[in-house]
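Novice: For reference, this is data-v1.cif, and it has mmCIF, C-alpha atoms and all ligand atoms.
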data_work
loop_
_atom_site.group_PDB
_atom_site.id
_atom_site.type_symbol
_atom_site.label_atom_id
_atom_site.label_comp_id
_atom_site.auth_asym_id
_atom_site.auth_seq_id
_atom_site.Cartn_x
_atom_site.Cartn_y
_atom_site.Cartn_z
ATOM 1 C CA MET A 1 50.396 94.698 45.212
ATOM 2 C CA SER A 2 52.719 93.956 48.111
ATOM 3 C CA VAL A 3 53.921 90.382 48.593
ATOM 4 C CA GLU A 4 54.163 89.051 52.126
ATOM 5 C CA VAL A 5 57.758 88.065 52.836
ATOM 6 C CA LYS A 6 58.177 85.199 55.284
ATOM 7 C CA ARG A 7 61.134 84.253 57.466
ATOM 8 C CA GLU A 8 60.535 80.570 56.637
ATOM 9 C CA TYR A 9 62.445 77.735 55.030
ATOM 10 C CA MET A 10 61.260 74.944 52.751
ATOM 11 C CA ASP A 11 62.788 71.504 52.664
ATOM 12 C CA PHE A 12 64.157 70.178 49.385
ATOM 13 C CA GLU A 13 65.982 66.839 49.431
ATOM 14 C CA GLY A 14 66.799 67.361 53.106
ATOM 15 C CA VAL A 15 68.222 70.876 52.577
ATOM 16 C CA LYS A 16 66.541 74.075 53.773
ATOM 17 C CA PHE A 17 65.976 77.055 51.449
ATOM 18 C CA PRO A 18 64.311 80.452 52.144
ATOM 19 C CA VAL A 19 60.761 80.109 50.799
ATOM 20 C CA ASN A 20 60.251 83.475 49.162
ATOM 21 C CA ILE A 21 62.824 83.035 46.413
ATOM 22 C CA HIS A 22 63.016 79.238 46.018
ATOM 23 C CA THR A 23 60.422 76.748 44.818
ATOM 24 C CA VAL A 24 60.432 73.010 44.205
ATOM 25 C CA GLU A 25 60.304 73.864 40.495
ATOM 26 C CA SER A 26 63.310 76.235 40.636
ATOM 27 C CA LEU A 27 65.414 73.800 42.679
ATOM 28 C CA THR A 28 64.486 70.853 40.459
ATOM 29 C CA TYR A 29 65.402 72.934 37.413
ATOM 30 C CA ALA A 30 68.821 73.765 38.867
ATOM 31 C CA TRP A 31 69.557 70.198 39.909
ATOM 32 C CA LYS A 32 68.066 68.053 37.157
ATOM 33 C CA GLU A 33 67.119 70.132 34.136
ATOM 34 C CA PHE A 34 69.729 72.873 33.801
ATOM 35 C CA GLN A 35 71.925 72.223 30.740
ATOM 36 C CA THR A 36 75.477 73.124 31.674
ATOM 37 C CA ARG A 37 77.618 74.477 28.837
ATOM 38 C CA ASP A 38 81.385 73.980 28.514
ATOM 39 C CA ASP A 39 82.086 77.676 29.029
ATOM 40 C CA ASP A 40 79.796 78.214 32.024
ATOM 41 C CA VAL A 41 81.500 79.667 35.096
ATOM 42 C CA PHE A 42 79.907 78.995 38.495
ATOM 43 C CA ASN A 43 80.467 81.331 41.444
ATOM 44 C CA VAL A 44 79.720 78.972 44.336
ATOM 45 C CA THR A 45 79.551 79.980 47.996
ATOM 46 C CA PHE A 46 77.891 79.382 51.290
ATOM 47 C CA PRO A 47 76.107 82.718 52.022
ATOM 48 C CA LYS A 48 78.224 85.603 53.318
ATOM 49 C CA SER A 49 81.463 84.141 52.022
ATOM 50 C CA GLY A 50 82.216 86.554 49.168
ATOM 51 C CA THR A 51 79.429 85.877 46.662
ATOM 52 C CA THR A 52 78.810 89.497 45.668
ATOM 53 C CA TRP A 53 82.530 90.258 45.598
ATOM 54 C CA LEU A 54 83.080 87.415 43.110
ATOM 55 C CA GLN A 55 80.074 88.569 41.053
ATOM 56 C CA GLU A 56 81.807 91.944 40.648
ATOM 57 C CA ILE A 57 85.266 90.494 39.988
ATOM 58 C CA LEU A 58 83.967 88.033 37.377
ATOM 59 C CA THR A 59 81.875 90.693 35.652
ATOM 60 C CA ILE A 60 84.853 93.013 35.247
ATOM 61 C CA ILE A 61 87.233 90.207 34.234
ATOM 62 C CA TYR A 62 84.793 89.220 31.468
ATOM 63 C CA SER A 63 84.545 92.852 30.276
ATOM 64 C CA ASN A 64 88.369 92.958 30.135
ATOM 65 C CA GLY A 65 88.583 95.591 32.852
ATOM 66 C CA ASP A 66 85.742 97.806 31.628
ATOM 67 C CA PRO A 67 83.601 98.664 34.703
ATOM 68 C CA THR A 68 80.567 99.677 32.590
ATOM 69 C CA PRO A 69 78.585 96.411 32.911
ATOM 70 C CA ALA A 70 79.151 96.408 36.689
ATOM 71 C CA LYS A 71 77.913 99.997 36.888
ATOM 72 C CA THR A 72 74.887 99.611 34.642
ATOM 73 C CA MET A 73 73.382 96.182 35.398
ATOM 74 C CA TYR A 74 72.298 94.710 38.707
ATOM 75 C CA SER A 75 74.651 92.058 40.066
ATOM 76 C CA TRP A 76 71.777 89.560 40.204
ATOM 77 C CA ASP A 77 71.187 90.064 36.470
ATOM 78 C CA ARG A 78 74.858 89.937 35.493
ATOM 79 C CA VAL A 79 75.690 86.800 37.489
ATOM 80 C CA PRO A 80 72.249 85.347 38.334
ATOM 81 C CA TRP A 81 71.421 82.786 40.983
ATOM 82 C CA LEU A 82 70.791 79.417 39.396
ATOM 83 C CA GLU A 83 68.453 77.965 42.038
ATOM 84 C CA GLN A 84 66.241 80.983 42.663
ATOM 85 C CA HIS A 85 62.751 81.316 41.183
ATOM 86 C CA LEU A 86 63.992 83.458 38.266
ATOM 87 C CA GLY A 87 66.961 81.187 37.515
ATOM 88 C CA ARG A 88 65.475 79.462 34.477
ATOM 89 C CA GLN A 89 64.217 82.723 32.984
ATOM 90 C CA LYS A 90 67.535 84.500 33.437
ATOM 91 C CA LEU A 91 69.867 81.704 32.330
ATOM 92 C CA GLU A 92 68.114 79.530 29.758
ATOM 93 C CA ASN A 93 68.639 81.709 26.670
ATOM 94 C CA ARG A 94 71.593 83.757 27.875
ATOM 95 C CA PRO A 95 74.470 83.877 25.398
ATOM 96 C CA SER A 96 77.719 82.170 26.420
ATOM 97 C CA PRO A 97 79.835 82.509 28.402
ATOM 98 C CA ARG A 98 77.386 82.517 31.313
ATOM 99 C CA LEU A 99 78.477 83.679 34.758
ATOM 100 C CA ILE A 100 76.291 81.905 37.303
ATOM 101 C CA THR A 101 75.948 82.264 41.069
ATOM 102 C CA THR A 102 74.807 79.521 43.402
ATOM 103 C CA HIS A 103 74.606 78.687 47.100
ATOM 104 C CA LEU A 104 73.647 75.076 46.303
ATOM 105 C CA PRO A 105 75.319 72.318 48.287
ATOM 106 C CA ILE A 106 77.267 69.973 46.022
ATOM 107 C CA GLN A 107 74.665 67.187 46.115
ATOM 108 C CA LEU A 108 72.107 69.489 44.425
ATOM 109 C CA PHE A 109 74.530 70.990 41.873
ATOM 110 C CA PRO A 110 73.452 70.516 38.209
ATOM 111 C CA GLN A 111 73.820 66.888 37.234
ATOM 112 C CA THR A 112 74.880 67.900 33.715
ATOM 113 C CA PHE A 113 77.942 69.757 35.057
ATOM 114 C CA TYR A 114 79.979 66.569 35.320
ATOM 115 C CA ASN A 115 79.924 65.876 31.562
ATOM 116 C CA THR A 116 81.266 69.316 30.617
ATOM 117 C CA LYS A 117 84.368 71.488 30.883
ATOM 118 C CA ALA A 118 82.486 74.133 32.889
ATOM 119 C CA LYS A 119 84.351 75.698 35.807
ATOM 120 C CA VAL A 120 83.550 76.214 39.471
ATOM 121 C CA ILE A 121 85.053 78.888 41.701
ATOM 122 C CA TYR A 122 84.303 78.065 45.334
ATOM 123 C CA THR A 123 85.009 80.784 47.892
ATOM 124 C CA VAL A 124 85.242 79.952 51.593
ATOM 125 C CA ARG A 125 85.381 82.336 54.524
ATOM 126 C CA ASN A 126 86.204 81.880 58.184
ATOM 127 C CA PRO A 127 82.948 80.401 59.528
ATOM 128 C CA LYS A 128 82.980 82.623 62.607
ATOM 129 C CA ASP A 129 82.966 85.684 60.339
ATOM 130 C CA VAL A 130 80.287 84.048 58.179
ATOM 131 C CA CYS A 131 78.185 83.607 61.310
ATOM 132 C CA VAL A 132 78.608 87.260 62.352
ATOM 133 C CA SER A 133 77.903 88.536 58.838
ATOM 134 C CA LEU A 134 74.815 86.327 58.555
ATOM 135 C CA TYR A 135 73.641 87.420 62.008
ATOM 136 C CA TYR A 136 73.599 91.083 60.927
ATOM 137 C CA PHE A 137 72.229 90.268 57.483
ATOM 138 C CA SER A 138 69.352 88.239 58.917
ATOM 139 C CA LEU A 139 68.318 91.178 61.085
ATOM 140 C CA PHE A 140 67.446 93.188 57.981
ATOM 141 C CA ALA A 141 66.900 90.533 55.293
ATOM 142 C CA LEU A 142 63.310 89.531 55.958
ATOM 143 C CA LEU A 143 63.818 86.266 54.028
ATOM 144 C CA LEU A 144 65.881 84.691 56.794
ATOM 145 C CA LYS A 145 65.188 83.425 60.283
ATOM 146 C CA CYS A 146 66.780 85.765 62.791
ATOM 147 C CA LYS A 147 67.571 86.044 66.482
ATOM 148 C CA GLU A 148 68.336 89.384 68.095
ATOM 149 C CA ASP A 149 70.496 87.707 70.727
ATOM 150 C CA PHE A 150 73.874 86.695 69.262
ATOM 151 C CA GLN A 151 74.206 83.579 71.464
ATOM 152 C CA GLU A 152 70.817 82.381 70.231
ATOM 153 C CA TYR A 153 71.852 83.141 66.666
ATOM 154 C CA LEU A 154 75.099 81.219 67.102
ATOM 155 C CA SER A 155 73.180 78.189 68.373
ATOM 156 C CA MET A 156 70.905 78.384 65.341
ATOM 157 C CA PHE A 157 73.931 78.712 62.990
ATOM 158 C CA LEU A 158 75.378 75.555 64.497
ATOM 159 C CA SER A 159 72.058 73.696 64.404
ATOM 160 C CA LYS A 160 70.201 71.910 61.607
ATOM 161 C CA ASP A 161 67.957 74.963 61.187
ATOM 162 C CA THR A 162 70.436 76.604 58.817
ATOM 163 C CA PRO A 163 69.679 77.058 55.128
ATOM 164 C CA PHE A 164 71.814 75.740 52.259
ATOM 165 C CA ALA A 165 72.868 72.654 54.286
ATOM 166 C CA GLY A 166 74.712 74.689 56.907
ATOM 167 C CA TRP A 167 78.311 75.901 56.703
ATOM 168 C CA PHE A 168 80.013 72.640 57.696
ATOM 169 C CA ASP A 169 78.259 70.291 55.259
ATOM 170 C CA HIS A 170 78.401 72.896 52.481
ATOM 171 C CA VAL A 171 82.154 73.364 52.789
ATOM 172 C CA LYS A 172 82.909 69.696 53.383
ATOM 173 C CA GLY A 173 80.852 68.731 50.350
ATOM 174 C CA TRP A 174 82.475 71.213 48.011
ATOM 175 C CA LEU A 175 86.014 70.485 49.200
ATOM 176 C CA THR A 176 85.619 66.961 47.806
ATOM 177 C CA MET A 177 86.107 68.631 44.404
ATOM 178 C CA LYS A 178 89.377 70.298 45.309
ATOM 179 C CA ASP A 179 91.555 68.104 43.063
ATOM 180 C CA ASN A 180 89.329 68.605 40.007
ATOM 181 C CA PRO A 181 91.206 70.816 37.454
ATOM 182 C CA ASN A 182 87.963 72.707 36.744
ATOM 183 C CA PHE A 183 87.603 73.704 40.397
ATOM 184 C CA LEU A 184 89.275 76.737 41.984
ATOM 185 C CA LEU A 185 89.232 77.187 45.739
ATOM 186 C CA LEU A 186 89.475 80.779 46.979
ATOM 187 C CA SER A 187 89.562 82.168 50.491
ATOM 188 C CA TYR A 188 87.716 85.399 51.313
ATOM 189 C CA ASP A 189 90.197 85.976 54.113
ATOM 190 C CA ASP A 190 93.135 85.634 51.736
ATOM 191 C CA MET A 191 91.429 87.966 49.259
ATOM 192 C CA THR A 192 91.215 90.704 51.910
ATOM 193 C CA LYS A 193 95.021 90.461 52.208
ATOM 194 C CA ASP A 194 95.909 90.468 48.514
ATOM 195 C CA VAL A 195 93.022 90.830 46.116
ATOM 196 C CA ARG A 196 95.254 91.461 43.094
ATOM 197 C CA ALA A 197 97.035 88.118 43.474
ATOM 198 C CA ASN A 198 93.638 86.431 43.665
ATOM 199 C CA VAL A 199 92.342 88.249 40.583
ATOM 200 C CA ILE A 200 95.423 87.035 38.686
ATOM 201 C CA LYS A 201 94.782 83.501 39.976
ATOM 202 C CA ILE A 202 91.147 83.673 38.784
ATOM 203 C CA CYS A 203 92.207 84.975 35.338
ATOM 204 C CA LYS A 204 94.711 82.138 34.967
ATOM 205 C CA PHE A 205 92.095 79.565 35.968
ATOM 206 C CA LEU A 206 89.594 80.974 33.466
ATOM 207 C CA GLY A 207 92.146 81.409 30.683
ATOM 208 C CA LYS A 208 91.499 85.163 30.602
ATOM 209 C CA ASP A 209 94.545 87.124 29.488
ATOM 210 C CA LEU A 210 94.117 90.602 30.996
ATOM 211 C CA ASP A 211 96.875 93.222 30.870
ATOM 212 C CA ASP A 212 98.067 95.037 34.022
ATOM 213 C CA ALA A 213 95.744 98.016 33.509
ATOM 214 C CA ALA A 214 92.711 95.725 33.178
ATOM 215 C CA ILE A 215 93.693 93.830 36.314
ATOM 216 C CA ASP A 216 94.124 97.135 38.168
ATOM 217 C CA SER A 217 90.634 98.091 37.032
ATOM 218 C CA VAL A 218 89.153 94.820 38.353
ATOM 219 C CA VAL A 219 90.833 95.467 41.718
ATOM 220 C CA GLU A 220 89.724 99.114 41.857
ATOM 221 C CA HIS A 221 86.096 98.584 40.891
ATOM 222 C CA SER A 222 85.582 95.517 43.076
ATOM 223 C CA SER A 223 86.922 97.146 46.237
ATOM 224 C CA PHE A 224 84.644 97.210 49.269
ATOM 225 C CA LYS A 225 84.277 100.997 48.957
ATOM 226 C CA ALA A 226 83.527 100.916 45.219
ATOM 227 C CA MET A 227 80.940 98.173 45.679
ATOM 228 C CA LYS A 228 79.325 99.824 48.694
ATOM 229 C CA GLU A 229 78.833 102.934 46.528
ATOM 230 C CA ASN A 230 77.698 101.003 43.427
ATOM 231 C CA ASN A 231 73.898 100.925 43.425
ATOM 232 C CA MET A 232 74.060 97.987 41.002
ATOM 233 C CA SER A 233 75.832 95.843 43.620
ATOM 234 C CA ASN A 234 74.933 97.221 47.048
ATOM 235 C CA TYR A 235 71.324 95.965 47.084
ATOM 236 C CA SER A 236 69.946 99.459 47.742
ATOM 237 C CA ALA A 237 67.428 98.742 44.936
ATOM 238 C CA VAL A 238 65.801 95.896 46.885
ATOM 239 C CA PRO A 239 62.478 97.077 48.353
ATOM 240 C CA ASP A 240 62.170 97.684 52.107
ATOM 241 C CA SER A 241 59.577 94.905 52.238
ATOM 242 C CA ILE A 242 62.487 92.474 51.671
ATOM 243 C CA PHE A 243 65.556 94.304 53.037
ATOM 244 C CA LYS A 244 64.702 96.497 56.024
ATOM 245 C CA LYS A 245 67.404 98.989 55.197
ATOM 246 C CA ASP A 246 67.024 101.129 58.319
ATOM 247 C CA THR A 247 68.433 98.177 60.304
ATOM 248 C CA GLY A 248 71.598 97.536 58.281
ATOM 249 C CA THR A 249 73.467 97.611 54.988
ATOM 250 C CA PHE A 250 74.563 94.760 52.770
ATOM 251 C CA HIS A 251 78.139 96.064 52.661
ATOM 252 C CA ARG A 252 78.699 96.107 56.399
ATOM 253 C CA LYS A 253 82.453 95.850 57.220
ATOM 254 C CA GLY A 254 84.084 93.634 54.615
ATOM 255 C CA VAL A 255 86.962 92.513 56.819
ATOM 256 C CA SER A 256 88.473 89.275 58.045
ATOM 257 C CA GLY A 257 88.395 88.581 61.790
ATOM 258 C CA ASP A 258 85.408 90.706 62.820
ATOM 259 C CA TYR A 259 84.218 87.705 64.883
ATOM 260 C CA LYS A 260 86.770 88.748 67.534
ATOM 261 C CA HIS A 261 84.467 91.665 68.392
ATOM 262 C CA HIS A 262 81.439 89.399 68.777
ATOM 263 C CA PHE A 263 82.451 86.006 70.174
ATOM 264 C CA THR A 264 83.088 85.627 73.897
ATOM 265 C CA PRO A 265 85.948 83.255 74.846
ATOM 266 C CA ALA A 266 83.318 80.649 75.808
ATOM 267 C CA GLN A 267 81.573 80.989 72.437
ATOM 268 C CA GLU A 268 84.924 80.644 70.649
ATOM 269 C CA GLU A 269 85.667 77.526 72.633
ATOM 270 C CA GLU A 270 82.263 76.027 71.799
ATOM 271 C CA PHE A 271 82.734 76.871 68.129
ATOM 272 C CA GLU A 272 86.272 75.433 67.987
ATOM 273 C CA LYS A 273 85.062 72.192 69.532
ATOM 274 C CA ILE A 274 82.313 71.776 66.951
ATOM 275 C CA TYR A 275 84.644 72.856 64.146
ATOM 276 C CA LYS A 276 87.276 70.283 65.120
ATOM 277 C CA ASP A 277 84.679 67.548 65.362
ATOM 278 C CA CYS A 278 82.867 68.351 62.090
ATOM 279 C CA MET A 279 86.009 69.065 60.085
ATOM 280 C CA LYS A 280 88.282 66.364 61.476
ATOM 281 C CA ASP A 281 88.706 64.656 58.103
ATOM 282 C CA ILE A 282 89.292 67.890 56.225
ATOM 283 C CA ASN A 283 92.717 69.384 55.696
ATOM 284 C CA PHE A 284 91.674 73.048 55.754
ATOM 285 C CA LEU A 285 92.304 75.539 58.537
ATOM 286 C CA PHE A 286 91.188 79.116 59.157
HETATM 287 S S1 LIG A 301 75.317 86.873 50.070
HETATM 288 O O1 LIG A 301 74.102 87.433 50.745
HETATM 289 O O2 LIG A 301 75.476 85.453 50.369
HETATM 290 O O3 LIG A 301 75.316 87.142 48.647
HETATM 291 O O4 LIG A 301 76.518 87.647 50.761
HETATM 292 P P1 LIG A 301 78.049 87.637 50.286
HETATM 293 O O5 LIG A 301 78.212 88.567 49.156
HETATM 294 O O6 LIG A 301 78.526 86.234 50.111
HETATM 295 O O7 LIG A 301 78.777 88.185 51.567
HETATM 296 C C1 LIG A 301 78.549 89.469 52.086
HETATM 297 C C2 LIG A 301 79.785 89.810 52.889
HETATM 298 O O8 LIG A 301 80.857 90.126 51.974
HETATM 299 C C3 LIG A 301 81.286 91.453 52.200
HETATM 300 N N1 LIG A 301 81.732 92.060 50.948
HETATM 301 C C4 LIG A 301 82.996 92.401 50.718
HETATM 302 N N2 LIG A 301 84.105 92.266 51.469
HETATM 303 C C5 LIG A 301 85.268 92.745 50.954
HETATM 304 N N3 LIG A 301 85.351 93.358 49.742
HETATM 305 C C6 LIG A 301 84.275 93.498 48.953
HETATM 306 N N4 LIG A 301 84.373 94.089 47.780
HETATM 307 C C7 LIG A 301 83.009 92.991 49.444
HETATM 308 N N5 LIG A 301 81.749 92.983 48.945
HETATM 309 C C8 LIG A 301 80.976 92.399 49.880
HETATM 310 C C9 LIG A 301 80.073 92.127 52.809
HETATM 311 O O9 LIG A 301 80.411 93.335 53.464
HETATM 312 C C10 LIG A 301 79.596 91.041 53.769
HETATM 313 O O10 LIG A 301 80.482 90.849 54.870
HETATM 314 P P2 LIG A 301 80.339 91.588 56.269
HETATM 315 O O11 LIG A 301 81.310 90.896 57.177
HETATM 316 O O12 LIG A 301 78.921 91.437 56.728
HETATM 317 O O13 LIG A 301 80.726 93.021 56.020
#
Transcribe the structure of this file into structure tokens.
Specialist:
Amino acid sequence: MSVEVKREYMDFEGVKFPVNIHTVESLTYAWKEFQTRDDDVFNVTFPKSGTTWLQEILTIIYSNGDPTPAKTMYSWDRVPWLEQHLGRQKLENRPSPRLITTHLPIQLFPQTFYNTKAKVIYTVRNPKDVCVSLYYFSLFALLLKCKEDFQEYLSMFLSKDTPFAGWFDHVKGWLTMKDNPNFLLLSYDDMTKDVRANVIKICKFLGKDLDDAAIDSVVEHSSFKAMKENNMSNYSAVPDSIFKKDTGTFHRKGVSGDYKHHFTPAQEEEFEKIYKDCMKDINFLF
């Protein structure tokens, strides 16, 4: 039986979510019912900011450098999405420590988190690159609204018709946690420059004592090339009814600054203006 996939969003507490993989029940579970444990680790991102990369890095850190789990289990089973329709099923009885992925904006993050020692790793990426990455992704991911014309897509990205609260509110919300000792802020763009230093930073934050060889293994097996070739992480297993794979690949370029090949000077100017206005109270520059 084939399920009809729709490029539509539902509204939950004023935030838009793609309908096919989110329900009121799954979002309520994530927000109000999920029981956070002290050793839970949350991989939090706005889409296209390094989610899958962190899923791979965390998996291999927690196997002490052994790439086997990353090569034998799907990323969405190893580090499942909390808010998606299978979140409860995948996370409820999972042994600790649980590695958990989420695109939730901070106001819908599990309420029980705040009474625990659980940790959040929040990865940000230059929003212009996020926009370009999401533009290409939405052309082949049939779960998302898309526009073939990049200018039209850019306008949609900057509008209220963006899922997961939109880039600006998502980032602004999560940055309010930046002084919490259980919160680690990473930058995708910085990771592309020195992934090893970032892996060491993550290990320190998580209290994981990996030797040099294990750290080298994390770096090697989470590289763009390794992940693009890893059928457990490259989404090649997703059916064509959801990802129209003849129109793109999940692992597209994996670089910082690709927006320069897509934005016109006028589009950059428009973006900068909105960025400055929306982020005026935030001390964070790209
Ligand atoms: S999603 O759909 O939200 O889970 O997407 P996400 O994983 O956050 O982001 C996808 C972009 O990340 C790139 N990517 C990587 N870059 C560098 N190194 C590694 N290992 C890596 N893995 C994924 C991926 O190519 C997407 O970026 P673009 O710019 O489209 O290439």
Novice: Any chance you could work out the residue set of the PyMOL selection byres (((chain A and resi 83-96) around 9) and not hetatm) here, as a list in words?
Specialist: Asn20, Ile21, His22, Thr23, Glu25, Ser26, Leu27, Thr28, Tyr29, Ala30, Trp31, Phe34, Gln35, Arg37, Asp39, Asp40, Asp77, Pro80, Trp81, Leu82, Pro97, Arg98, Leu99, Ile100, Thr101, Thr102, His103 and Leu104 of chain A
Novice: I need the residue nearest ligand LIG 301 (chain A) from this list: A:Asp216, A:Asp129, A:Asp190, A:Glu272. Use all atoms listed in the file for the distance.
Specialist: A:Asp129
Novice: Please write as an MDAnalysis selection string the list of polymer residues whose atoms come within 10 Å of (70.5, 86.9, 62.3), counting all atoms listed in the file and keeping to the coordinates of the file.
Specialist: chainID A and resid 131:142 144:150 152:154 156:157
Novice: On this file, the PyMOL selection byres (((chain A and resi 63) around 12) and not hetatm) gives some set of residues; write that set as a list in words.
Specialist: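 With the shown file as input, the PyMOL selection byres (((chain A and resi 63) around 12) and not hetatm) matches Glu56, Ile57, Leu58, Thr59, Ile60, Ile61, Tyr62, Asn64, Gly65, Asp66, Pro67, Thr68, Pro69, Ala70, Lys71, Arg78, Pro97, Leu99, Lys208, Asp209, Leu210, Ala214, Ile215, Ser217 and Val218 of chain A.
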Novice: Under the PyMOL selection byres (((chain A and resi 50) around 9) and not hetatm), which residues of this model are included? Write them out as a VMD selection string.
Specialist: chain A and resid 45 to 49 51 to 55 123 to 125 187 to 188
Novice: For ligand LIG 301 (chain A), which residue among A:Gly173, A:Pro265, A:Gly257, A:Pro239 is the nearest when counting all atoms listed in the file?
Specialist: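 Among A:Gly173, A:Pro265, A:Gly257, A:Pro239, it is A:Gly257 that comes nearest to ligand LIG 301 (chain A).
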Novice: For each of A:Lys228, A:Lys245, A:Lys273, A:His261, take the minimum atom-to-atom distance to ligand LIG 301 (chain A), counting all atoms listed in the file, then give the residue where this is smallest.
Specialist: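 With all atoms listed in the file as the atom set, the closest residue is A:Lys228.
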Novice: Hey, can I get the axis-aligned box for ligand LIG 301 (chain A)? All listed atoms, 3 Å padding on each side, centre and edge lengths in Å to one decimal, as lines of an AutoDock Vina configuration file.
Specialist:
center_x = 79.7
center_y = 89.8
center_z = 52.5
size_x = 17.2
size_y = 14.6
size_z = 15.4
Novice: Show me, as a PyMOL selection string, the residues that have an atom within 12 Å of Asp281 (chain A) when counting all atoms listed in the file, minus same-chain residues fewer than 2 positions from it.
Specialist: chain A and resi 168+172-173+175-176+275-279+283-285
Novice: Would you pick out the contacts of Lys160 (chain A) at 12 Å or less, using all atoms listed in the file, so that residues sharing its chain but fewer than 6 positions from it are not included, and give the list as an NGL selection string?
Specialist: :A and (9 or 11 or 14-16 or 154 or 166-169)
Novice: How far is it from CA of Phe271 (chain A) to CA of Gly248 (chain A), in Å with one decimal?
Specialist: 25.5 Å
Novice: Report, in Å with one decimal, the straight-line distance from atom P2 of ligand LIG 301 (chain A) to CA of Lys260 (chain A).
Specialist: 13.3 Å
Novice: Quote the spacing between CA of Asp258 (chain A) and atom O3 of ligand LIG 301 (chain A) in Å to one decimal place.
Specialist: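 Pair CA of Asp258 (chain A) / atom O3 of ligand LIG 301 (chain A) returns 17.8 Å.
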Novice: Go through A:Asp246, A:Glu13, A:Asp211, A:Glu8 one by one, measure the shortest atom-to-atom distance of each to Pro105 (chain A) using all atoms listed in the file, and give the residue with the smallest value.
Specialist: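 Under the stated criterion, the closest residue is A:Glu13.
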Novice: Between A:Lys225, A:Lys204, A:Lys128, A:Lys6, which is the closest to Glu269 (chain A) once you count only C-alpha atoms?
Specialist: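 Nearest to Glu269 (chain A): A:Lys128.
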Novice: Out of A:Ala197, A:Ala266, A:Leu206, A:Leu143, which residue has the shortest atom-to-atom distance to ligand LIG 301 (chain A) when counting only C-alpha atoms and all ligand atoms?
Specialist: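 Checking each of A:Ala197, A:Ala266, A:Leu206, A:Leu143 against ligand LIG 301 (chain A), counting only C-alpha atoms and all ligand atoms, the winner is A:Leu143.
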Novice: Might you pull out every residue within 10 Å of Leu185 (chain A), with all atoms listed in the file counted and same-chain residues fewer than 2 positions away left off, and present them as number ranges by chain?
Specialist: A: 44, 120-124, 174-175, 177-179, 183, 187, 202
Novice: Near Lys201 (chain A), counting all atoms listed in the file, which residues have an atom at most 10 Å away, once you skip same-chain residues fewer than 6 positions from it, shown as a list in words?
Specialist: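 Once the nearby chain positions are removed, what remains is Leu184, Leu186, Val195 and Gly207 of chain A.
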